[in-house]
file my_file.cif (mmCIF, N, CA and C atoms; chains and numbers go by the auth columns)
data_data
loop_
_atom_site.group_PDB
_atom_site.id
_atom_site.type_symbol
_atom_site.label_atom_id
_atom_site.label_comp_id
_atom_site.label_asym_id
_atom_site.label_seq_id
_atom_site.Cartn_x
_atom_site.Cartn_y
_atom_site.Cartn_z
_atom_site.B_iso_or_equiv
_atom_site.auth_seq_id
_atom_site.auth_asym_id
ATOM 1 N N MET A 1 31.228 252.015 36.186 0.00 1 A
ATOM 2 C CA MET A 1 30.208 252.800 35.521 0.00 1 A
ATOM 3 C C MET A 1 30.756 254.197 35.231 0.00 1 A
ATOM 4 N N THR A 2 30.588 254.672 34.023 0.00 2 A
ATOM 5 C CA THR A 2 31.062 255.984 33.615 0.00 2 A
ATOM 6 C C THR A 2 30.055 257.046 34.021 0.00 2 A
ATOM 7 N N GLN A 3 30.557 258.105 34.615 0.00 3 A
ATOM 8 C CA GLN A 3 29.701 259.214 35.021 0.00 3 A
ATOM 9 C C GLN A 3 29.916 260.359 34.040 0.00 3 A
ATOM 10 N N TRP A 4 28.837 260.846 33.456 0.00 4 A
ATOM 11 C CA TRP A 4 28.926 261.955 32.507 0.00 4 A
ATOM 12 C C TRP A 4 28.483 263.233 33.194 0.00 4 A
ATOM 13 N N ILE A 5 29.258 264.277 33.015 0.00 5 A
ATOM 14 C CA ILE A 5 28.958 265.574 33.613 0.00 5 A
ATOM 15 C C ILE A 5 28.747 266.567 32.489 0.00 5 A
ATOM 16 N N HIS A 6 27.657 267.296 32.557 0.00 6 A
ATOM 17 C CA HIS A 6 27.377 268.312 31.542 0.00 6 A
ATOM 18 C C HIS A 6 28.159 269.576 31.875 0.00 6 A
ATOM 19 N N VAL A 7 28.841 270.116 30.890 0.00 7 A
ATOM 20 C CA VAL A 7 29.622 271.342 31.057 0.00 7 A
ATOM 21 C C VAL A 7 28.809 272.506 30.508 0.00 7 A
ATOM 22 N N ASP A 8 28.417 273.423 31.384 0.00 8 A
ATOM 23 C CA ASP A 8 27.643 274.589 30.956 0.00 8 A
ATOM 24 C C ASP A 8 28.519 275.640 30.280 0.00 8 A
ATOM 25 N N ASP A 9 29.720 275.810 30.790 0.00 9 A
ATOM 26 C CA ASP A 9 30.656 276.799 30.253 0.00 9 A
ATOM 27 C C ASP A 9 31.594 276.081 29.298 0.00 9 A
ATOM 28 N N GLU A 10 31.585 276.468 28.062 0.00 10 A
ATOM 29 C CA GLU A 10 32.404 275.810 27.035 0.00 10 A
ATOM 30 C C GLU A 10 33.868 276.250 27.060 0.00 10 A
ATOM 31 N N SER A 11 34.233 277.204 27.927 0.00 11 A
ATOM 32 C CA SER A 11 35.622 277.663 28.009 0.00 11 A
ATOM 33 C C SER A 11 36.507 276.525 28.489 0.00 11 A
ATOM 34 N N CYS A 12 37.640 276.362 27.842 0.00 12 A
ATOM 35 C CA CYS A 12 38.571 275.321 28.276 0.00 12 A
ATOM 36 C C CYS A 12 39.789 275.977 28.925 0.00 12 A
ATOM 37 N N TYR A 13 40.466 275.182 29.730 0.00 13 A
ATOM 38 C CA TYR A 13 41.619 275.671 30.486 0.00 13 A
ATOM 39 C C TYR A 13 42.749 274.661 30.397 0.00 13 A
ATOM 40 N N LYS A 14 43.956 275.163 30.581 0.00 14 A
ATOM 41 C CA LYS A 14 45.138 274.322 30.683 0.00 14 A
ATOM 42 C C LYS A 14 45.732 274.553 32.067 0.00 14 A
ATOM 43 N N ILE A 15 46.246 273.487 32.642 0.00 15 A
ATOM 44 C CA ILE A 15 46.919 273.589 33.938 0.00 15 A
ATOM 45 C C ILE A 15 48.375 273.939 33.669 0.00 15 A
ATOM 46 N N TYR A 16 48.868 274.984 34.330 0.00 16 A
ATOM 47 C CA TYR A 16 50.273 275.320 34.145 0.00 16 A
ATOM 48 C C TYR A 16 51.093 275.090 35.409 0.00 16 A
ATOM 49 N N VAL A 17 50.439 274.738 36.525 0.00 17 A
ATOM 50 C CA VAL A 17 51.149 274.359 37.741 0.00 17 A
ATOM 51 C C VAL A 17 50.587 273.022 38.216 0.00 17 A
ATOM 52 N N PHE A 18 51.357 271.965 38.021 0.00 18 A
ATOM 53 C CA PHE A 18 50.984 270.630 38.488 0.00 18 A
ATOM 54 C C PHE A 18 51.746 270.370 39.791 0.00 18 A
ATOM 55 N N ASP A 19 51.097 270.608 40.920 0.00 19 A
ATOM 56 C CA ASP A 19 51.717 270.333 42.212 0.00 19 A
ATOM 57 C C ASP A 19 50.641 269.852 43.183 0.00 19 A
ATOM 58 N N ASP A 20 50.977 269.746 44.443 0.00 20 A
ATOM 59 C CA ASP A 20 50.026 269.345 45.482 0.00 20 A
ATOM 60 C C ASP A 20 49.305 268.039 45.161 0.00 20 A
ATOM 61 N N GLY A 21 50.026 267.067 44.598 0.00 21 A
ATOM 62 C CA GLY A 21 49.438 265.773 44.302 0.00 21 A
ATOM 63 C C GLY A 21 48.766 265.680 42.946 0.00 21 A
ATOM 64 N N ASN A 22 48.752 266.763 42.200 0.00 22 A
ATOM 65 C CA ASN A 22 48.117 266.748 40.878 0.00 22 A
ATOM 66 C C ASN A 22 49.086 266.384 39.754 0.00 22 A
ATOM 67 N N GLN A 23 50.309 266.020 40.086 0.00 23 A
ATOM 68 C CA GLN A 23 51.292 265.657 39.074 0.00 23 A
ATOM 69 C C GLN A 23 50.842 264.455 38.250 0.00 23 A
ATOM 70 N N ARG A 24 50.034 263.582 38.834 0.00 24 A
ATOM 71 C CA ARG A 24 49.580 262.379 38.114 0.00 24 A
ATOM 72 C C ARG A 24 48.704 262.715 36.917 0.00 24 A
ATOM 73 N N TYR A 25 48.186 263.949 36.852 0.00 25 A
ATOM 74 C CA TYR A 25 47.331 264.351 35.736 0.00 25 A
ATOM 75 C C TYR A 25 48.117 264.926 34.555 0.00 25 A
ATOM 76 N N GLU A 26 49.433 265.057 34.695 0.00 26 A
ATOM 77 C CA GLU A 26 50.256 265.588 33.607 0.00 26 A
ATOM 78 C C GLU A 26 50.233 264.690 32.371 0.00 26 A
ATOM 79 N N LYS A 27 49.935 263.406 32.532 0.00 27 A
ATOM 80 C CA LYS A 27 49.933 262.468 31.403 0.00 27 A
ATOM 81 C C LYS A 27 48.684 262.602 30.532 0.00 27 A
ATOM 82 N N TYR A 28 47.670 263.308 31.007 0.00 28 A
ATOM 83 C CA TYR A 28 46.428 263.493 30.249 0.00 28 A
ATOM 84 C C TYR A 28 46.546 264.677 29.301 0.00 28 A
ATOM 85 N N THR A 29 45.722 264.691 28.262 0.00 29 A
ATOM 86 C CA THR A 29 45.649 265.859 27.389 0.00 29 A
ATOM 87 C C THR A 29 45.311 267.057 28.267 0.00 29 A
ATOM 88 N N ASN A 30 46.097 268.116 28.158 0.00 30 A
ATOM 89 C CA ASN A 30 45.958 269.262 29.058 0.00 30 A
ATOM 90 C C ASN A 30 44.867 270.223 28.575 0.00 30 A
ATOM 91 N N ILE A 31 43.647 269.709 28.525 0.00 31 A
ATOM 92 C CA ILE A 31 42.470 270.519 28.204 0.00 31 A
ATOM 93 C C ILE A 31 41.394 270.138 29.222 0.00 31 A
ATOM 94 N N TRP A 32 40.963 271.132 30.003 0.00 32 A
ATOM 95 C CA TRP A 32 40.072 270.901 31.133 0.00 32 A
ATOM 96 C C TRP A 32 38.918 271.901 31.108 0.00 32 A
ATOM 97 N N PHE A 33 37.807 271.497 31.722 0.00 33 A
ATOM 98 C CA PHE A 33 36.631 272.356 31.849 0.00 33 A
ATOM 99 C C PHE A 33 36.280 272.487 33.327 0.00 33 A
ATOM 100 N N ILE A 34 35.943 273.693 33.748 0.00 34 A
ATOM 101 C CA ILE A 34 35.526 273.910 35.131 0.00 34 A
ATOM 102 C C ILE A 34 34.076 273.458 35.264 0.00 34 A
ATOM 103 N N VAL A 35 33.838 272.528 36.193 0.00 35 A
ATOM 104 C CA VAL A 35 32.485 272.008 36.405 0.00 35 A
ATOM 105 C C VAL A 35 31.966 272.323 37.807 0.00 35 A
ATOM 106 N N GLY A 36 32.755 273.034 38.589 0.00 36 A
ATOM 107 C CA GLY A 36 32.323 273.445 39.920 0.00 36 A
ATOM 108 C C GLY A 36 33.332 274.388 40.527 0.00 36 A
ATOM 109 N N SER A 37 32.878 275.199 41.459 0.00 37 A
ATOM 110 C CA SER A 37 33.785 276.117 42.158 0.00 37 A
ATOM 111 C C SER A 37 33.210 276.424 43.534 0.00 37 A
ATOM 112 N N TRP A 38 34.085 276.840 44.430 0.00 38 A
ATOM 113 C CA TRP A 38 33.661 277.221 45.767 0.00 38 A
ATOM 114 C C TRP A 38 34.675 278.194 46.338 0.00 38 A
ATOM 115 N N GLY A 39 34.430 278.652 47.543 0.00 39 A
ATOM 116 C CA GLY A 39 35.253 279.673 48.179 0.00 39 A
ATOM 117 C C GLY A 39 36.738 279.381 48.148 0.00 39 A
ATOM 118 N N LYS A 40 37.513 280.411 48.357 0.00 40 A
ATOM 119 C CA LYS A 40 38.973 280.349 48.390 0.00 40 A
ATOM 120 C C LYS A 40 39.586 279.990 47.045 0.00 40 A
ATOM 121 N N GLY A 41 38.860 280.204 45.938 0.00 41 A
ATOM 122 C CA GLY A 41 39.420 280.043 44.608 0.00 41 A
ATOM 123 C C GLY A 41 39.645 278.621 44.146 0.00 41 A
ATOM 124 N N LYS A 42 38.971 277.666 44.733 0.00 42 A
ATOM 125 C CA LYS A 42 39.108 276.264 44.336 0.00 42 A
ATOM 126 C C LYS A 42 38.082 275.918 43.257 0.00 42 A
ATOM 127 N N VAL A 43 38.483 275.048 42.325 0.00 43 A
ATOM 128 C CA VAL A 43 37.580 274.602 41.261 0.00 43 A
ATOM 129 C C VAL A 43 37.681 273.087 41.104 0.00 43 A
ATOM 130 N N ARG A 44 36.655 272.529 40.484 0.00 44 A
ATOM 131 C CA ARG A 44 36.625 271.118 40.103 0.00 44 A
ATOM 132 C C ARG A 44 36.725 271.082 38.588 0.00 44 A
ATOM 133 N N LEU A 45 37.579 270.203 38.054 0.00 45 A
ATOM 134 C CA LEU A 45 37.822 270.139 36.618 0.00 45 A
ATOM 135 C C LEU A 45 37.405 268.801 36.026 0.00 45 A
ATOM 136 N N LEU A 46 36.995 268.847 34.787 0.00 46 A
ATOM 137 C CA LEU A 46 36.721 267.660 33.996 0.00 46 A
ATOM 138 C C LEU A 46 37.605 267.722 32.757 0.00 46 A
ATOM 139 N N ASN A 47 38.321 266.641 32.495 0.00 47 A
ATOM 140 C CA ASN A 47 39.202 266.582 31.335 0.00 47 A
ATOM 141 C C ASN A 47 38.395 266.458 30.056 0.00 47 A
ATOM 142 N N ILE A 48 39.020 266.794 28.938 0.00 48 A
ATOM 143 C CA ILE A 48 38.377 266.690 27.632 0.00 48 A
ATOM 144 C C ILE A 48 37.957 265.245 27.326 0.00 48 A
ATOM 145 N N ASP A 49 38.543 264.268 28.007 0.00 49 A
ATOM 146 C CA ASP A 49 38.134 262.873 27.803 0.00 49 A
ATOM 147 C C ASP A 49 36.752 262.581 28.396 0.00 49 A
ATOM 148 N N ASN A 50 36.207 263.562 29.128 0.00 50 A
ATOM 149 C CA ASN A 50 34.874 263.503 29.736 0.00 50 A
ATOM 150 C C ASN A 50 34.756 262.410 30.800 0.00 50 A
ATOM 151 N N ILE A 51 35.900 261.956 31.315 0.00 51 A
ATOM 152 C CA ILE A 51 35.909 260.935 32.367 0.00 51 A
ATOM 153 C C ILE A 51 36.769 261.374 33.553 0.00 51 A
ATOM 154 N N THR A 52 37.980 261.851 33.264 0.00 52 A
ATOM 155 C CA THR A 52 38.955 262.179 34.297 0.00 52 A
ATOM 156 C C THR A 52 38.601 263.492 34.983 0.00 52 A
ATOM 157 N N GLU A 53 38.587 263.455 36.315 0.00 53 A
ATOM 158 C CA GLU A 53 38.261 264.641 37.106 0.00 53 A
ATOM 159 C C GLU A 53 39.402 264.995 38.046 0.00 53 A
ATOM 160 N N ILE A 54 39.554 266.260 38.277 0.00 54 A
ATOM 161 C CA ILE A 54 40.354 266.760 39.394 0.00 54 A
ATOM 162 C C ILE A 54 39.347 267.415 40.325 0.00 54 A
ATOM 163 N N ARG A 55 39.189 266.865 41.496 0.00 55 A
ATOM 164 C CA ARG A 55 38.139 267.319 42.401 0.00 55 A
ATOM 165 C C ARG A 55 38.443 268.668 43.053 0.00 55 A
ATOM 166 N N SER A 56 39.725 269.013 43.169 0.00 56 A
ATOM 167 C CA SER A 56 40.056 270.292 43.789 0.00 56 A
ATOM 168 C C SER A 56 41.428 270.764 43.322 0.00 56 A
ATOM 169 N N ILE A 57 41.434 271.966 42.748 0.00 57 A
ATOM 170 C CA ILE A 57 42.682 272.620 42.339 0.00 57 A
ATOM 171 C C ILE A 57 42.440 274.123 42.426 0.00 57 A
ATOM 172 N N SER A 58 43.464 274.874 42.743 0.00 58 A
ATOM 173 C CA SER A 58 43.342 276.331 42.822 0.00 58 A
ATOM 174 C C SER A 58 43.181 276.924 41.430 0.00 58 A
ATOM 175 N N ARG A 59 42.270 277.859 41.293 0.00 59 A
ATOM 176 C CA ARG A 59 41.963 278.495 40.010 0.00 59 A
ATOM 177 C C ARG A 59 43.182 279.187 39.412 0.00 59 A
ATOM 178 N N TRP A 60 44.070 279.717 40.256 0.00 60 A
ATOM 179 C CA TRP A 60 45.232 280.456 39.744 0.00 60 A
ATOM 180 C C TRP A 60 46.214 279.547 38.997 0.00 60 A
ATOM 181 N N LYS A 61 46.081 278.227 39.134 0.00 61 A
ATOM 182 C CA LYS A 61 46.973 277.286 38.452 0.00 61 A
ATOM 183 C C LYS A 61 46.535 276.999 37.017 0.00 61 A
ATOM 184 N N LEU A 62 45.470 277.663 36.559 0.00 62 A
ATOM 185 C CA LEU A 62 44.908 277.434 35.233 0.00 62 A
ATOM 186 C C LEU A 62 45.094 278.656 34.359 0.00 62 A
ATOM 187 N N VAL A 63 45.173 278.408 33.058 0.00 63 A
ATOM 188 C CA VAL A 63 45.168 279.480 32.071 0.00 63 A
ATOM 189 C C VAL A 63 44.154 279.082 30.997 0.00 63 A
ATOM 190 N N GLU A 64 43.401 280.045 30.508 0.00 64 A
ATOM 191 C CA GLU A 64 42.385 279.758 29.498 0.00 64 A
ATOM 192 C C GLU A 64 43.047 279.316 28.201 0.00 64 A
ATOM 193 N N CYS A 65 42.453 278.323 27.532 0.00 65 A
ATOM 194 C CA CYS A 65 42.968 277.849 26.240 0.00 65 A
ATOM 195 C C CYS A 65 42.917 278.980 25.224 0.00 65 A
ATOM 196 N N GLU A 66 43.860 278.956 24.308 0.00 66 A
ATOM 197 C CA GLU A 66 43.895 279.989 23.266 0.00 66 A
ATOM 198 C C GLU A 66 43.075 279.579 22.074 0.00 66 A
#
call {"tool": "encode", "arguments": {"input": "my_file.cif", "output": "structure tokens"}}
result
Amino acid sequence: MTQWIHVDDESCYKIYVFDDGNQRYEKYTNIWFIVGSWGKGKVRLLNIDNITEIRSISRWKLVECE
């Protein structure tokens, strides 16, 4: 079953540091939306495909899309 998540913030981000087990996401289009955040600078991302999620990545590893 596909889970759809509504993105309130339309800003997109690109990951520029793929490490800590997130290397498997390098094959996806590198356009992501922040759909959650919590202490210590961690965020949850949703890919532009609206299906693929990264449940936890440090905010400093992202750069805003141009």
call {"tool": "residues_around", "arguments": {"input": "my_file.cif", "residues": "Tyr13 (chain A)", "least_positions_apart": "5", "cutoff": "8 Å", "atoms": "all atoms listed in the file", "output": "PyMOL selection string"}}
result
chain A and resi 30-34+61-66
call {"tool": "select_by_dssp", "arguments": {"input": "my_file.cif", "residues": "region 10-55 of chain A", "states": "helix (DSSP H, G or I)", "output": "number ranges by chain"}}
result
A: 22-27
call {"tool": "residues_around", "arguments": {"input": "my_file.cif", "residues": "Arg55 (chain A)", "least_positions_apart": "5", "cutoff": "6 Å", "atoms": "only N, CA and C atoms", "output": "list in words"}}
result
Val43, Arg44 and Leu45 of chain A
call {"tool": "atom_distance", "arguments": {"input": "my_file.cif", "atom1": "CA of Asp19 (chain A)", "atom2": "atom N of Asn50 (chain A)"}}
result
21.4 Å
call {"tool": "atom_distance", "arguments": {"input": "my_file.cif", "atom1": "CA of Asp20 (chain A)", "atom2": "CA of Lys40 (chain A)"}}
result
15.9 Å
call {"tool": "atom_distance", "arguments": {"input": "my_file.cif", "atom1": "atom N of Gly41 (chain A)", "atom2": "CA of Glu10 (chain A)"}}
result
20.5 Å
call {"tool": "select_by_dssp", "arguments": {"input": "my_file.cif", "residues": "chain A", "states": "strand (DSSP E or B)", "output": "PyMOL selection string"}}
result
chain A and resi 13-15+32-38+42-47+53-58+62-64
